[in-house]
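Below is the file input21.txt, which contains compact mmCIF, N, CA and C atoms.
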# COMPACT_ATOMS: atom_id res chain seq x y z
N MET A 152 -9.88 4.00 10.00
CA MET A 152 -9.21 2.81 10.43
C MET A 152 -7.94 3.21 11.17
N ALA A 153 -7.74 2.61 12.32
CA ALA A 153 -6.57 2.97 13.13
C ALA A 153 -5.31 2.40 12.51
N GLU A 154 -4.24 3.19 12.58
CA GLU A 154 -2.98 2.76 12.01
C GLU A 154 -2.45 1.55 12.76
N GLY A 155 -1.86 0.60 12.00
CA GLY A 155 -1.29 -0.58 12.61
C GLY A 155 -2.25 -1.75 12.72
N LYS A 156 -3.55 -1.52 12.46
CA LYS A 156 -4.50 -2.63 12.49
C LYS A 156 -4.25 -3.55 11.30
N SER A 157 -4.50 -4.81 11.49
CA SER A 157 -4.31 -5.79 10.43
C SER A 157 -5.67 -6.24 9.89
N ILE A 158 -5.81 -6.23 8.61
CA ILE A 158 -7.03 -6.68 7.95
C ILE A 158 -6.65 -7.88 7.10
N THR A 159 -7.45 -8.92 7.16
CA THR A 159 -7.17 -10.12 6.37
C THR A 159 -8.18 -10.23 5.24
N PHE A 160 -7.69 -10.41 4.02
CA PHE A 160 -8.52 -10.66 2.85
C PHE A 160 -8.19 -12.07 2.36
N HIS A 161 -9.19 -12.74 1.85
CA HIS A 161 -8.97 -14.07 1.28
C HIS A 161 -9.11 -13.99 -0.22
N ILE A 162 -8.16 -14.55 -0.93
CA ILE A 162 -8.18 -14.56 -2.39
C ILE A 162 -8.50 -15.96 -2.84
N SER A 163 -9.53 -16.07 -3.67
CA SER A 163 -9.95 -17.37 -4.16
C SER A 163 -9.10 -17.76 -5.36
N GLY A 164 -8.85 -19.04 -5.49
CA GLY A 164 -8.14 -19.54 -6.67
C GLY A 164 -7.26 -20.70 -6.31
N LYS A 165 -7.32 -21.76 -7.11
CA LYS A 165 -6.47 -22.92 -6.94
C LYS A 165 -5.67 -23.08 -8.23
N GLU A 166 -4.61 -23.84 -8.15
CA GLU A 166 -3.79 -24.09 -9.34
C GLU A 166 -4.67 -24.81 -10.36
N GLN A 167 -4.81 -24.27 -11.53
CA GLN A 167 -5.66 -24.83 -12.56
C GLN A 167 -4.84 -25.02 -13.83
N PRO A 168 -5.22 -25.99 -14.65
CA PRO A 168 -4.54 -26.16 -15.92
C PRO A 168 -4.91 -25.07 -16.91
N SER A 169 -4.21 -25.04 -18.01
CA SER A 169 -4.45 -24.13 -19.15
C SER A 169 -4.35 -22.66 -18.78
N SER A 170 -5.26 -21.85 -19.30
CA SER A 170 -5.15 -20.40 -19.17
C SER A 170 -5.33 -19.93 -17.73
N LEU A 171 -5.97 -20.71 -16.89
CA LEU A 171 -6.16 -20.30 -15.51
C LEU A 171 -4.86 -20.35 -14.71
N SER A 172 -3.86 -21.05 -15.21
CA SER A 172 -2.59 -21.10 -14.48
C SER A 172 -1.94 -19.71 -14.42
N ARG A 173 -2.17 -18.87 -15.44
CA ARG A 173 -1.66 -17.49 -15.40
C ARG A 173 -2.29 -16.72 -14.26
N VAL A 174 -3.59 -16.90 -14.08
CA VAL A 174 -4.29 -16.23 -12.98
C VAL A 174 -3.71 -16.70 -11.66
N SER A 175 -3.45 -17.99 -11.54
CA SER A 175 -2.88 -18.53 -10.31
C SER A 175 -1.52 -17.92 -10.02
N LYS A 176 -0.71 -17.70 -11.05
CA LYS A 176 0.61 -17.09 -10.86
C LYS A 176 0.47 -15.66 -10.36
N VAL A 177 -0.51 -14.94 -10.89
CA VAL A 177 -0.75 -13.56 -10.44
C VAL A 177 -1.19 -13.58 -8.98
N VAL A 178 -2.08 -14.50 -8.63
CA VAL A 178 -2.54 -14.61 -7.24
C VAL A 178 -1.35 -14.87 -6.32
N GLU A 179 -0.47 -15.79 -6.70
CA GLU A 179 0.69 -16.09 -5.87
C GLU A 179 1.58 -14.86 -5.70
N THR A 180 1.78 -14.11 -6.77
CA THR A 180 2.60 -12.89 -6.70
C THR A 180 1.96 -11.86 -5.77
N VAL A 181 0.66 -11.68 -5.88
CA VAL A 181 -0.05 -10.71 -5.04
C VAL A 181 0.02 -11.13 -3.58
N ILE A 182 -0.14 -12.41 -3.31
CA ILE A 182 -0.10 -12.89 -1.93
C ILE A 182 1.27 -12.66 -1.29
N LYS A 183 2.34 -12.82 -2.05
CA LYS A 183 3.70 -12.71 -1.51
C LYS A 183 4.10 -11.27 -1.18
N ARG A 184 3.52 -10.30 -1.88
CA ARG A 184 3.91 -8.90 -1.68
C ARG A 184 3.19 -8.29 -0.48
N PRO A 185 3.86 -7.36 0.23
CA PRO A 185 3.19 -6.67 1.34
C PRO A 185 2.21 -5.64 0.78
N HIS A 186 1.10 -5.43 1.47
CA HIS A 186 0.08 -4.49 1.04
C HIS A 186 -0.38 -3.66 2.24
N SER A 187 -0.73 -2.41 1.96
CA SER A 187 -1.30 -1.57 3.02
C SER A 187 -2.43 -0.76 2.43
N PHE A 188 -3.37 -0.38 3.30
CA PHE A 188 -4.52 0.41 2.89
C PHE A 188 -4.80 1.41 4.00
N GLU A 189 -4.74 2.69 3.64
CA GLU A 189 -4.96 3.78 4.59
C GLU A 189 -4.14 3.58 5.87
N GLY A 190 -2.89 3.21 5.70
CA GLY A 190 -1.98 3.05 6.83
C GLY A 190 -2.06 1.71 7.54
N SER A 191 -2.97 0.87 7.16
CA SER A 191 -3.08 -0.45 7.80
C SER A 191 -2.44 -1.51 6.90
N GLN A 192 -1.75 -2.45 7.54
CA GLN A 192 -1.15 -3.56 6.80
C GLN A 192 -2.25 -4.56 6.44
N LEU A 193 -2.24 -4.99 5.19
CA LEU A 193 -3.20 -5.99 4.73
C LEU A 193 -2.50 -7.33 4.63
N GLN A 194 -3.17 -8.35 5.07
CA GLN A 194 -2.63 -9.69 4.95
C GLN A 194 -3.54 -10.46 4.01
N LEU A 195 -3.00 -10.87 2.88
CA LEU A 195 -3.78 -11.59 1.88
C LEU A 195 -3.48 -13.08 1.99
N ARG A 196 -4.53 -13.89 1.99
CA ARG A 196 -4.39 -15.34 2.06
C ARG A 196 -5.25 -15.98 0.99
N ARG A 197 -4.82 -17.14 0.56
CA ARG A 197 -5.61 -17.91 -0.41
C ARG A 197 -6.85 -18.45 0.30
N PHE A 198 -8.00 -18.32 -0.35
CA PHE A 198 -9.25 -18.85 0.19
C PHE A 198 -9.52 -20.21 -0.42
N ILE A 199 -9.60 -21.22 0.42
CA ILE A 199 -9.93 -22.57 -0.05
C ILE A 199 -11.20 -22.99 0.69
N PRO A 200 -12.32 -23.09 -0.02
CA PRO A 200 -13.59 -23.43 0.64
C PRO A 200 -13.59 -24.87 1.15
N ASP A 201 -14.39 -25.12 2.19
CA ASP A 201 -14.53 -26.47 2.73
C ASP A 201 -15.15 -27.41 1.71
N ASP A 202 -16.16 -26.92 1.00
CA ASP A 202 -16.84 -27.72 -0.02
C ASP A 202 -16.50 -27.14 -1.39
N PRO A 203 -16.29 -28.01 -2.38
CA PRO A 203 -16.03 -27.47 -3.72
C PRO A 203 -17.24 -26.69 -4.22
N PRO A 204 -17.00 -25.60 -4.93
CA PRO A 204 -18.12 -24.80 -5.43
C PRO A 204 -18.92 -25.57 -6.47
N SER A 205 -20.21 -25.36 -6.48
CA SER A 205 -21.09 -26.00 -7.45
C SER A 205 -21.44 -24.98 -8.52
N VAL A 206 -21.25 -25.36 -9.76
CA VAL A 206 -21.60 -24.47 -10.86
C VAL A 206 -23.10 -24.51 -11.08
N PHE A 207 -23.66 -25.71 -11.06
CA PHE A 207 -25.08 -25.87 -11.30
C PHE A 207 -25.75 -26.26 -9.98
N GLN A 208 -26.68 -25.45 -9.52
CA GLN A 208 -27.40 -25.77 -8.30
C GLN A 208 -28.50 -26.79 -8.57
N ARG A 209 -29.16 -26.66 -9.71
CA ARG A 209 -30.28 -27.53 -10.04
C ARG A 209 -30.28 -27.76 -11.54
N VAL A 210 -30.37 -29.01 -11.93
CA VAL A 210 -30.42 -29.34 -13.36
C VAL A 210 -31.59 -30.29 -13.61
N THR A 211 -32.01 -30.36 -14.85
CA THR A 211 -33.08 -31.28 -15.23
C THR A 211 -32.60 -32.15 -16.39
N ALA A 212 -33.22 -33.31 -16.49
CA ALA A 212 -32.89 -34.24 -17.57
C ALA A 212 -34.17 -34.92 -18.02
N ARG A 213 -34.35 -35.01 -19.30
CA ARG A 213 -35.52 -35.68 -19.86
C ARG A 213 -35.14 -37.14 -20.11
N VAL A 214 -36.03 -38.04 -19.68
CA VAL A 214 -35.80 -39.48 -19.87
C VAL A 214 -36.92 -40.03 -20.74
N ASN A 215 -36.54 -40.68 -21.83
CA ASN A 215 -37.49 -41.33 -22.72
C ASN A 215 -37.34 -42.84 -22.49
N PHE A 216 -38.27 -43.42 -21.74
CA PHE A 216 -38.19 -44.84 -21.43
C PHE A 216 -38.39 -45.72 -22.66
N GLY A 217 -38.98 -45.18 -23.72
CA GLY A 217 -39.12 -45.93 -24.97
C GLY A 217 -37.76 -46.32 -25.54
N ARG A 218 -36.76 -45.46 -25.34
CA ARG A 218 -35.41 -45.76 -25.84
C ARG A 218 -34.74 -46.86 -25.03
N PHE A 219 -35.19 -47.04 -23.78
CA PHE A 219 -34.64 -48.09 -22.93
C PHE A 219 -35.36 -49.41 -23.14
N GLN A 220 -36.40 -49.39 -23.95
CA GLN A 220 -37.23 -50.57 -24.23
C GLN A 220 -37.79 -51.15 -22.94
N LEU A 221 -38.35 -50.27 -22.10
CA LEU A 221 -38.99 -50.69 -20.87
C LEU A 221 -40.50 -50.58 -21.02
N SER A 222 -41.21 -51.51 -20.40
CA SER A 222 -42.68 -51.43 -20.40
C SER A 222 -43.09 -50.29 -19.47
N PRO A 223 -44.36 -49.83 -19.56
CA PRO A 223 -44.81 -48.77 -18.66
C PRO A 223 -44.62 -49.14 -17.17
N GLN A 224 -44.90 -50.40 -16.82
CA GLN A 224 -44.72 -50.83 -15.43
C GLN A 224 -43.24 -50.80 -15.04
N GLU A 225 -42.37 -51.27 -15.94
CA GLU A 225 -40.92 -51.23 -15.66
C GLU A 225 -40.44 -49.78 -15.53
N SER A 226 -41.03 -48.88 -16.33
CA SER A 226 -40.67 -47.47 -16.25
C SER A 226 -41.04 -46.89 -14.89
N ARG A 227 -42.26 -47.21 -14.40
CA ARG A 227 -42.67 -46.71 -13.09
C ARG A 227 -41.78 -47.28 -11.98
N ASN A 228 -41.48 -48.56 -12.09
CA ASN A 228 -40.58 -49.17 -11.10
C ASN A 228 -39.20 -48.51 -11.14
N ALA A 229 -38.72 -48.22 -12.33
CA ALA A 229 -37.41 -47.57 -12.47
C ALA A 229 -37.42 -46.19 -11.82
N LEU A 230 -38.53 -45.45 -12.01
CA LEU A 230 -38.64 -44.12 -11.39
C LEU A 230 -38.60 -44.22 -9.87
N LYS A 231 -39.29 -45.22 -9.32
CA LYS A 231 -39.28 -45.41 -7.86
C LYS A 231 -37.87 -45.71 -7.36
N VAL A 232 -37.17 -46.57 -8.09
CA VAL A 232 -35.80 -46.92 -7.71
C VAL A 232 -34.90 -45.69 -7.81
N LEU A 233 -35.05 -44.92 -8.90
CA LEU A 233 -34.25 -43.70 -9.07
C LEU A 233 -34.46 -42.74 -7.91
N LYS A 234 -35.72 -42.54 -7.56
CA LYS A 234 -36.02 -41.60 -6.48
C LYS A 234 -35.43 -42.09 -5.15
N ASP A 235 -35.58 -43.38 -4.88
CA ASP A 235 -35.07 -43.94 -3.62
C ASP A 235 -33.55 -43.90 -3.53
N LYS A 236 -32.88 -44.21 -4.63
CA LYS A 236 -31.41 -44.34 -4.59
C LYS A 236 -30.66 -43.04 -4.85
N THR A 237 -31.27 -42.11 -5.57
CA THR A 237 -30.54 -40.88 -5.92
C THR A 237 -31.19 -39.62 -5.36
N THR A 238 -32.37 -39.74 -4.80
CA THR A 238 -33.17 -38.63 -4.26
C THR A 238 -33.49 -37.54 -5.30
N VAL A 239 -33.49 -37.92 -6.58
CA VAL A 239 -33.93 -36.97 -7.61
C VAL A 239 -35.44 -36.82 -7.51
N GLU A 240 -35.93 -35.71 -8.01
CA GLU A 240 -37.37 -35.53 -8.14
C GLU A 240 -37.72 -35.82 -9.59
N TYR A 241 -38.94 -36.27 -9.82
CA TYR A 241 -39.34 -36.52 -11.20
C TYR A 241 -40.78 -36.09 -11.43
N ARG A 242 -41.04 -35.80 -12.70
CA ARG A 242 -42.38 -35.44 -13.15
C ARG A 242 -42.64 -36.24 -14.41
N GLU A 243 -43.71 -37.02 -14.38
CA GLU A 243 -44.06 -37.83 -15.55
C GLU A 243 -44.70 -36.94 -16.61
N VAL A 244 -44.17 -37.00 -17.82
CA VAL A 244 -44.71 -36.25 -18.94
C VAL A 244 -45.73 -37.12 -19.68
N SER A 245 -45.40 -38.40 -19.81
CA SER A 245 -46.29 -39.40 -20.42
C SER A 245 -45.90 -40.75 -19.83
N CYS A 246 -46.54 -41.82 -20.31
CA CYS A 246 -46.20 -43.14 -19.76
C CYS A 246 -44.80 -43.58 -20.17
N LYS A 247 -44.23 -42.94 -21.17
CA LYS A 247 -42.89 -43.31 -21.61
C LYS A 247 -41.85 -42.22 -21.41
N GLU A 248 -42.26 -41.09 -20.85
CA GLU A 248 -41.31 -39.98 -20.73
C GLU A 248 -41.49 -39.26 -19.39
N CYS A 249 -40.36 -38.83 -18.81
CA CYS A 249 -40.41 -38.05 -17.57
C CYS A 249 -39.25 -37.06 -17.56
N VAL A 250 -39.33 -36.13 -16.62
CA VAL A 250 -38.27 -35.14 -16.43
C VAL A 250 -37.73 -35.32 -15.01
N LEU A 251 -36.42 -35.55 -14.91
CA LEU A 251 -35.75 -35.67 -13.61
C LEU A 251 -35.23 -34.30 -13.22
N SER A 252 -35.21 -34.03 -11.93
CA SER A 252 -34.70 -32.76 -11.44
C SER A 252 -33.88 -33.02 -10.19
N GLY A 253 -32.70 -32.38 -10.12
CA GLY A 253 -31.83 -32.54 -8.96
C GLY A 253 -30.51 -31.84 -9.19
N THR A 254 -29.53 -32.16 -8.35
CA THR A 254 -28.20 -31.61 -8.55
C THR A 254 -27.54 -32.36 -9.70
N PHE A 255 -26.44 -31.80 -10.19
CA PHE A 255 -25.73 -32.45 -11.29
C PHE A 255 -25.31 -33.86 -10.88
N ASN A 256 -24.80 -34.02 -9.67
CA ASN A 256 -24.35 -35.34 -9.20
C ASN A 256 -25.52 -36.32 -9.09
N GLN A 257 -26.68 -35.84 -8.66
CA GLN A 257 -27.86 -36.72 -8.58
C GLN A 257 -28.29 -37.18 -9.97
N ILE A 258 -28.29 -36.26 -10.93
CA ILE A 258 -28.69 -36.61 -12.30
C ILE A 258 -27.68 -37.58 -12.91
N GLU A 259 -26.40 -37.35 -12.65
CA GLU A 259 -25.37 -38.25 -13.16
C GLU A 259 -25.54 -39.65 -12.56
N ALA A 260 -25.81 -39.73 -11.25
CA ALA A 260 -26.03 -41.02 -10.59
C ALA A 260 -27.28 -41.69 -11.16
N ALA A 261 -28.33 -40.91 -11.41
CA ALA A 261 -29.56 -41.45 -11.99
C ALA A 261 -29.30 -42.01 -13.40
N HIS A 262 -28.48 -41.32 -14.17
CA HIS A 262 -28.13 -41.78 -15.52
C HIS A 262 -27.45 -43.14 -15.46
N LYS A 263 -26.48 -43.27 -14.58
CA LYS A 263 -25.77 -44.56 -14.45
C LYS A 263 -26.71 -45.66 -13.98
N LEU A 264 -27.57 -45.33 -13.04
CA LEU A 264 -28.53 -46.30 -12.53
C LEU A 264 -29.51 -46.73 -13.62
N LEU A 265 -29.96 -45.77 -14.43
CA LEU A 265 -30.86 -46.10 -15.54
C LEU A 265 -30.19 -47.04 -16.54
N GLN A 266 -28.92 -46.82 -16.80
CA GLN A 266 -28.21 -47.72 -17.71
C GLN A 266 -28.21 -49.15 -17.17
N ASN A 267 -27.96 -49.27 -15.86
CA ASN A 267 -27.95 -50.60 -15.25
C ASN A 267 -29.34 -51.23 -15.24
N LEU A 268 -30.37 -50.43 -14.91
CA LEU A 268 -31.74 -50.95 -14.89
C LEU A 268 -32.17 -51.41 -16.28
N SER A 269 -31.82 -50.63 -17.29
CA SER A 269 -32.17 -50.97 -18.66
C SER A 269 -31.50 -52.27 -19.08
N SER A 270 -30.24 -52.40 -18.74
CA SER A 270 -29.50 -53.62 -19.07
C SER A 270 -30.10 -54.83 -18.36
N ASP A 271 -30.46 -54.67 -17.08
CA ASP A 271 -31.06 -55.76 -16.32
C ASP A 271 -32.41 -56.16 -16.90
N ALA A 272 -33.22 -55.17 -17.30
CA ALA A 272 -34.55 -55.44 -17.87
C ALA A 272 -34.42 -56.19 -19.19
N ARG A 273 -33.45 -55.80 -20.03
CA ARG A 273 -33.25 -56.50 -21.30
C ARG A 273 -32.83 -57.95 -21.07
N GLN A 274 -31.92 -58.15 -20.13
CA GLN A 274 -31.47 -59.52 -19.84
C GLN A 274 -32.62 -60.38 -19.30
N SER A 275 -33.45 -59.80 -18.46
CA SER A 275 -34.59 -60.53 -17.90
C SER A 275 -35.57 -60.89 -19.00
N ARG A 276 -35.84 -59.96 -19.92
CA ARG A 276 -36.77 -60.21 -21.03
C ARG A 276 -36.21 -61.29 -21.95
N ASN A 277 -34.90 -61.26 -22.23
CA ASN A 277 -34.29 -62.25 -23.11
C ASN A 277 -34.33 -63.64 -22.49
N GLN A 278 -34.21 -63.74 -21.17
CA GLN A 278 -34.25 -65.04 -20.51
C GLN A 278 -35.65 -65.65 -20.56
N LYS A 279 -36.70 -64.80 -20.54
CA LYS A 279 -38.07 -65.26 -20.61
C LYS A 279 -38.44 -65.77 -21.99
N GLU A 280 -37.77 -65.24 -23.03
CA GLU A 280 -38.12 -65.61 -24.42
C GLU A 280 -37.54 -66.92 -24.83
Entire entry expressed as structure tokens:
Amino acid sequence: MAEGKSITFHISGKEQPSSLSRVSKVVETVIKRPHSFEGSQLQLRRFIPDDPPSVFQRVTARVNFGRFQLSPQESRNALKVLKDKTTVEYREVSCKECVLSGTFNQIEAAHKLLQNLSSDARQSRNQKE
């Protein structure tokens, strides 16, 4: 490496609560100090990604429609709505049970949607009785 060349390194880390705040302080100290490697000056910068990192790329969730007190037809309709609104994938295990697959955010959205669908189905059934 030729002397006087500048190399840039990016250091990952954001200010975090609890024990990670110590790591953040170390990162800040390292960034502030001058560094050189084999005669070249190193410039260290904090790396902040455009998109937040995802811990889970793909997750699954088992849904028991019997607990939601939905009929088999209501369960199938709920699955269609879930797929359309959250883009999760699903695999039916039985007429009352299925496995959802998707990102954590998709599964979380599906969970909230299922709660609403279940509540709506119960209210509709109670009005008919």
Spatial neighbours of region 216-230 of chain A, 6 Å, all atoms listed in the file, chain gap at least 5 places, as a PyMOL selection string: chain A and resi 235+246-249+269
From A:Ile258, A:Glu243, A:Val250, A:Thr237, residue lying nearest Arg213 (chain A) [only N, CA and C atoms]: A:Val250
Å distance separating CA of Ser252 (chain A) from atom C of Leu268 (chain A), one decimal place: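 Here the two named atoms are 19.4 Å from each other.
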Point-to-point distance in Å for atom C of Thr180 (chain A) and CA of Arg197 (chain A): 11.1 Å
Atom-to-atom span, CA of Glu259 (chain A) and CA of Asp201 (chain A), Å: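 The value is 22.6 Å.
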In region 161-255 of chain A, DSSP strand (DSSP E) residues written as number ranges by chain: A: 161-163, 186-188, 191-198, 210-215, 240-245, 248-253
Helix (DSSP H, G or I) call set, DSSP backbone run, region 171-271 of chain A, as an NGL selection string: :A and (171-183 or 216-219 or 223-237 or 255-271)
Restricted to all heavy atoms, what does region 226-237 of chain A look like when written out as a CSV table (one decimal), in the first residue's frame?
chain,number,residue,atom,x,y,z
A,226,SER,N,-62.6,-20.4,8.3
A,226,SER,CA,-61.1,-20.6,8.4
A,226,SER,C,-60.5,-20.4,7.0
A,226,SER,O,-59.5,-19.7,6.8
A,226,SER,CB,-60.8,-22.0,8.9
A,226,SER,OG,-61.2,-22.1,10.2
A,227,ARG,N,-61.1,-21.1,6.0
A,227,ARG,CA,-60.6,-20.9,4.6
A,227,ARG,C,-60.6,-19.5,4.1
A,227,ARG,O,-59.7,-19.0,3.5
A,227,ARG,CB,-61.3,-21.9,3.6
A,227,ARG,CG,-60.8,-23.3,3.7
A,227,ARG,CD,-61.3,-24.1,2.6
A,227,ARG,NE,-62.5,-24.9,2.6
A,227,ARG,CZ,-63.1,-25.5,3.6
A,227,ARG,NH1,-62.6,-25.4,4.8
A,227,ARG,NH2,-64.2,-26.3,3.4
A,228,ASN,N,-61.7,-18.8,4.4
A,228,ASN,CA,-61.9,-17.4,4.0
A,228,ASN,C,-60.8,-16.6,4.7
A,228,ASN,O,-60.3,-15.6,4.2
A,228,ASN,CB,-63.3,-16.9,4.4
A,228,ASN,CG,-64.3,-17.5,3.5
A,228,ASN,OD1,-64.0,-18.1,2.4
A,228,ASN,ND2,-65.6,-17.5,3.9
A,229,ALA,N,-60.6,-16.9,6.0
A,229,ALA,CA,-59.6,-16.1,6.8
A,229,ALA,C,-58.2,-16.3,6.2
A,229,ALA,O,-57.4,-15.3,6.1
A,229,ALA,CB,-59.6,-16.6,8.2
A,230,LEU,N,-57.9,-17.5,5.8
A,230,LEU,CA,-56.6,-17.8,5.1
A,230,LEU,C,-56.4,-17.0,3.8
A,230,LEU,O,-55.4,-16.4,3.6
A,230,LEU,CB,-56.4,-19.3,4.8
A,230,LEU,CG,-56.1,-20.1,6.0
A,230,LEU,CD1,-56.1,-21.6,5.6
A,230,LEU,CD2,-54.7,-19.7,6.6
A,231,LYS,N,-57.5,-16.9,3.0
A,231,LYS,CA,-57.4,-16.1,1.8
A,231,LYS,C,-57.2,-14.6,2.1
A,231,LYS,O,-56.4,-14.0,1.4
A,231,LYS,CB,-58.7,-16.3,1.0
A,231,LYS,CG,-58.8,-17.7,0.4
A,231,LYS,CD,-60.2,-17.9,-0.3
A,231,LYS,CE,-60.3,-19.3,-0.8
A,231,LYS,NZ,-61.7,-19.6,-1.3
A,232,VAL,N,-57.9,-14.1,3.1
A,232,VAL,CA,-57.7,-12.7,3.5
A,232,VAL,C,-56.3,-12.5,4.0
A,232,VAL,O,-55.7,-11.5,3.6
A,232,VAL,CB,-58.8,-12.3,4.6
A,232,VAL,CG1,-58.5,-11.0,5.1
A,232,VAL,CG2,-60.2,-12.3,4.0
A,233,LEU,N,-55.8,-13.4,4.8
A,233,LEU,CA,-54.5,-13.3,5.4
A,233,LEU,C,-53.4,-13.2,4.2
A,233,LEU,O,-52.5,-12.4,4.2
A,233,LEU,CB,-54.1,-14.4,6.3
A,233,LEU,CG,-54.7,-14.4,7.7
A,233,LEU,CD1,-54.4,-15.7,8.4
A,233,LEU,CD2,-54.2,-13.3,8.4
A,234,LYS,N,-53.6,-14.1,3.3
A,234,LYS,CA,-52.6,-14.2,2.2
A,234,LYS,C,-52.7,-12.9,1.3
A,234,LYS,O,-51.7,-12.3,1.0
A,234,LYS,CB,-52.9,-15.4,1.3
A,234,LYS,CG,-51.9,-15.5,0.2
A,234,LYS,CD,-52.1,-16.8,-0.6
A,234,LYS,CE,-51.0,-16.9,-1.6
A,234,LYS,NZ,-51.1,-18.1,-2.5
A,235,ASP,N,-53.9,-12.4,1.1
A,235,ASP,CA,-54.1,-11.2,0.3
A,235,ASP,C,-53.6,-9.9,1.0
A,235,ASP,O,-52.9,-9.1,0.3
A,235,ASP,CB,-55.6,-11.0,-0.1
A,235,ASP,CG,-56.1,-12.0,-1.1
A,235,ASP,OD1,-55.2,-12.7,-1.7
A,235,ASP,OD2,-57.3,-12.2,-1.2
A,236,LYS,N,-53.8,-9.8,2.3
A,236,LYS,CA,-53.5,-8.6,3.0
A,236,LYS,C,-52.1,-8.6,3.5
A,236,LYS,O,-51.5,-7.5,3.7
A,236,LYS,CB,-54.5,-8.3,4.1
A,236,LYS,CG,-55.8,-8.0,3.5
A,236,LYS,CD,-56.7,-7.3,4.6
A,236,LYS,CE,-58.0,-6.9,3.9
A,236,LYS,NZ,-58.8,-6.0,4.7
A,237,THR,N,-51.5,-9.7,3.8
A,237,THR,CA,-50.2,-9.8,4.5
A,237,THR,C,-49.1,-10.4,3.6
A,237,THR,O,-47.9,-10.4,4.0
A,237,THR,CB,-50.2,-10.5,5.8
A,237,THR,OG1,-50.5,-11.8,5.6
A,237,THR,CG2,-51.2,-9.8,6.8
